[in-house]
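Student: I am attaching a structure below and will ask some questions about it afterwards.
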Amino acid sequence: MNESRPPVSFQPPSRVLLGPGPSDVSPRVLQAMGRPTIGHLDPEYLRLMDESRRLLQQLFRTENEMTIAVSGTGSAGMEACVVNLIEPGDRMVVCVNGVFGGRMKEVAERAGARVVTLEAPWGETIDPQQVAAALESYDDVKVLGIVHAETSTGAHQPLEEISRLVHDAGAFLLVDAVTSLGGMELEVDAWGIDACYSGTQKCLSCPPGLAPVSFSARAVERILGRTTPVQSWYLDVTLLARYWGSERVYHHTAPINMSYALHEALTLVAEEGLAARIARHTENHRRLRVGLEDLGLEYIPSRSLTTLNAVRVPDGVDDARVRRRLLEEFGIEIGAGLGPFRGQAWRIGLMGASSRRSHVTLFLAALSQLLADERAH
Ligand SMILES: *Cc1c(COP(=O)(O)O)cnc(C)c1O
């Protein structure tokens, strides 16, 4: 590197983001981020926090008072839910059928939980009977953690029956909704979810940086009744509640401009209407699915998400070359396979602003050309 060259402003290239996140960000959200920074205890900023909370409650479909945006990406939301609900020695069942269930298990272990893992093959979902059996084998389960939309495999996990089992056993249901919130049906109150977290960079089409979370009144009661302090000071919701609540006690400085972005993204969701937004995600997923199957590609999960499409890389096709050419020649980013799917899968996200018909058409045309080239190779 030439040390004497003066730095120049970074100009990102123009991209079509069809990977597992981040998704395309609307110009309105980017403009909102560029507005003047004000103090985090300014009455106008407090008004923004209040309104964002109300919009988040609508999005999570909940009346939970404890609904806030944690500073950090989706993984911070995961950590916030786990460390607040778990005290060292607590039994937690973690469902693992992909990367993110595996990450939740690791977070739970670090928080001191005695973890029981329920596994399903990658691409499959967890069967309620597995949950019932685990709850029968262990009579001390405090929390069951599960991923609603497993972005590493594209599998869509049904939650209602599992929620009933968990509550019948007197346990709490913790749900990862990072790739479903704002793109797929998710009912925090109606489905009895006690702790739910998401991120801004997937179906909300906001840059990464905040993690919406929601805790039920029951969960908050449990957190307030802890005998040990929450392992993380930064993510302790009892402290965060005093910052977001009427007391407005300083905890940490909220990422002000990121909050402007989230507020604008939530405003866009409200303008479109949640039901219409979910329907748009379903329609574009169907269009993509028909197109991919016409090209001879095969979906991996038996129950696919509408926000993330995981397909097998066809035999004889060079996974990395196709992804590189998509990026270099068409400006399109898609995701590679993770873990056991490395080199075997493509993950095509249609999240938030990226879920649009013109993107589906462009991507299918580009892929069709590249696959023809691969076959000629
Ligand atoms: C992306 C993702 C996360 C982690 O979010 P980050 O913003 O990368 O921290 C967690 N769970 C699921 C299901 C995800 O897709």
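Numbering starts fresh at 1 for the residues of each chain in the structure tokens, the chains themselves are lettered A, B, ... in the order given, and ligands are numbered from 1 as they appear.
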Using only C-alpha atoms and all ligand atoms, what does the table of chain A residues within 7 Å of ligand 1 look like, with each row giving the shortest atom pair and its distance in Å to one decimal, sorted by chain and ascending number, as a Markdown table?
Tutor:
```
| residue | atom | partner | partner_atom_place_in_ligand_line | distance |
| --- | --- | --- | --- | --- |
| A:Pro20 | CA | ligand 1 | 15 (O) | 6.7 |
| A:Gly21 | CA | ligand 1 | 1 (C) | 6.4 |
| A:Thr73 | CA | ligand 1 | 7 (O) | 4.0 |
| A:Gly74 | CA | ligand 1 | 5 (O) | 3.5 |
| A:Ser75 | CA | ligand 1 | 9 (O) | 3.6 |
| A:Ala76 | CA | ligand 1 | 9 (O) | 6.4 |
| A:Met78 | CA | ligand 1 | 10 (C) | 7.0 |
| A:Phe100 | CA | ligand 1 | 11 (N) | 5.1 |
| A:Val147 | CA | ligand 1 | 13 (C) | 6.2 |
| A:Ala149 | CA | ligand 1 | 13 (C) | 5.6 |
| A:Glu150 | CA | ligand 1 | 13 (C) | 4.9 |
| A:Thr151 | CA | ligand 1 | 15 (O) | 4.5 |
| A:Asp176 | CA | ligand 1 | 11 (N) | 6.0 |
| A:Ala177 | CA | ligand 1 | 13 (C) | 6.5 |
| A:Val178 | CA | ligand 1 | 12 (C) | 4.8 |
| A:Thr179 | CA | ligand 1 | 15 (O) | 5.1 |
| A:Gly199 | CA | ligand 1 | 7 (O) | 5.5 |
| A:Gln201 | CA | ligand 1 | 7 (O) | 6.5 |
| A:Pro208 | CA | ligand 1 | 7 (O) | 6.0 |
```
Student: So which residues touch A:Glu298 within 7 Å, counting only C-alpha atoms, skipping near sequence neighbours fewer than 4 positions away, as a PyMOL selection string?
Tutor: chain A and resi 293+311-312
Student: Using only C-alpha atoms, determine which residues lie at most 10 Å from stretch 285-287 of chain A, disregarding the query and same-chain residues fewer than 4 positions distant; provide the list as a ChimeraX atom specification.
Tutor: /A:279-281,291-292,304-309,348-351,355-357,360-361,364
Student: For stretch 83-95 of chain A, list every protein, DNA or RNA residue within 8 Å, evaluated using only C-alpha atoms, and leave out those in the same chain fewer than 6 positions away; present the list as a ChimeraX atom specification.
Tutor: /A:101,104-105,108,111-120,126,134,140-147,219,222-223,226,228,230-232,235-237
Student: Would you please extract all strand (DSSP E) residues from stretch 272-343 of chain A, as assigned by DSSP on the backbone, and give them as number ranges by chain?
Tutor: A: 308-312, 332-333, 335-336
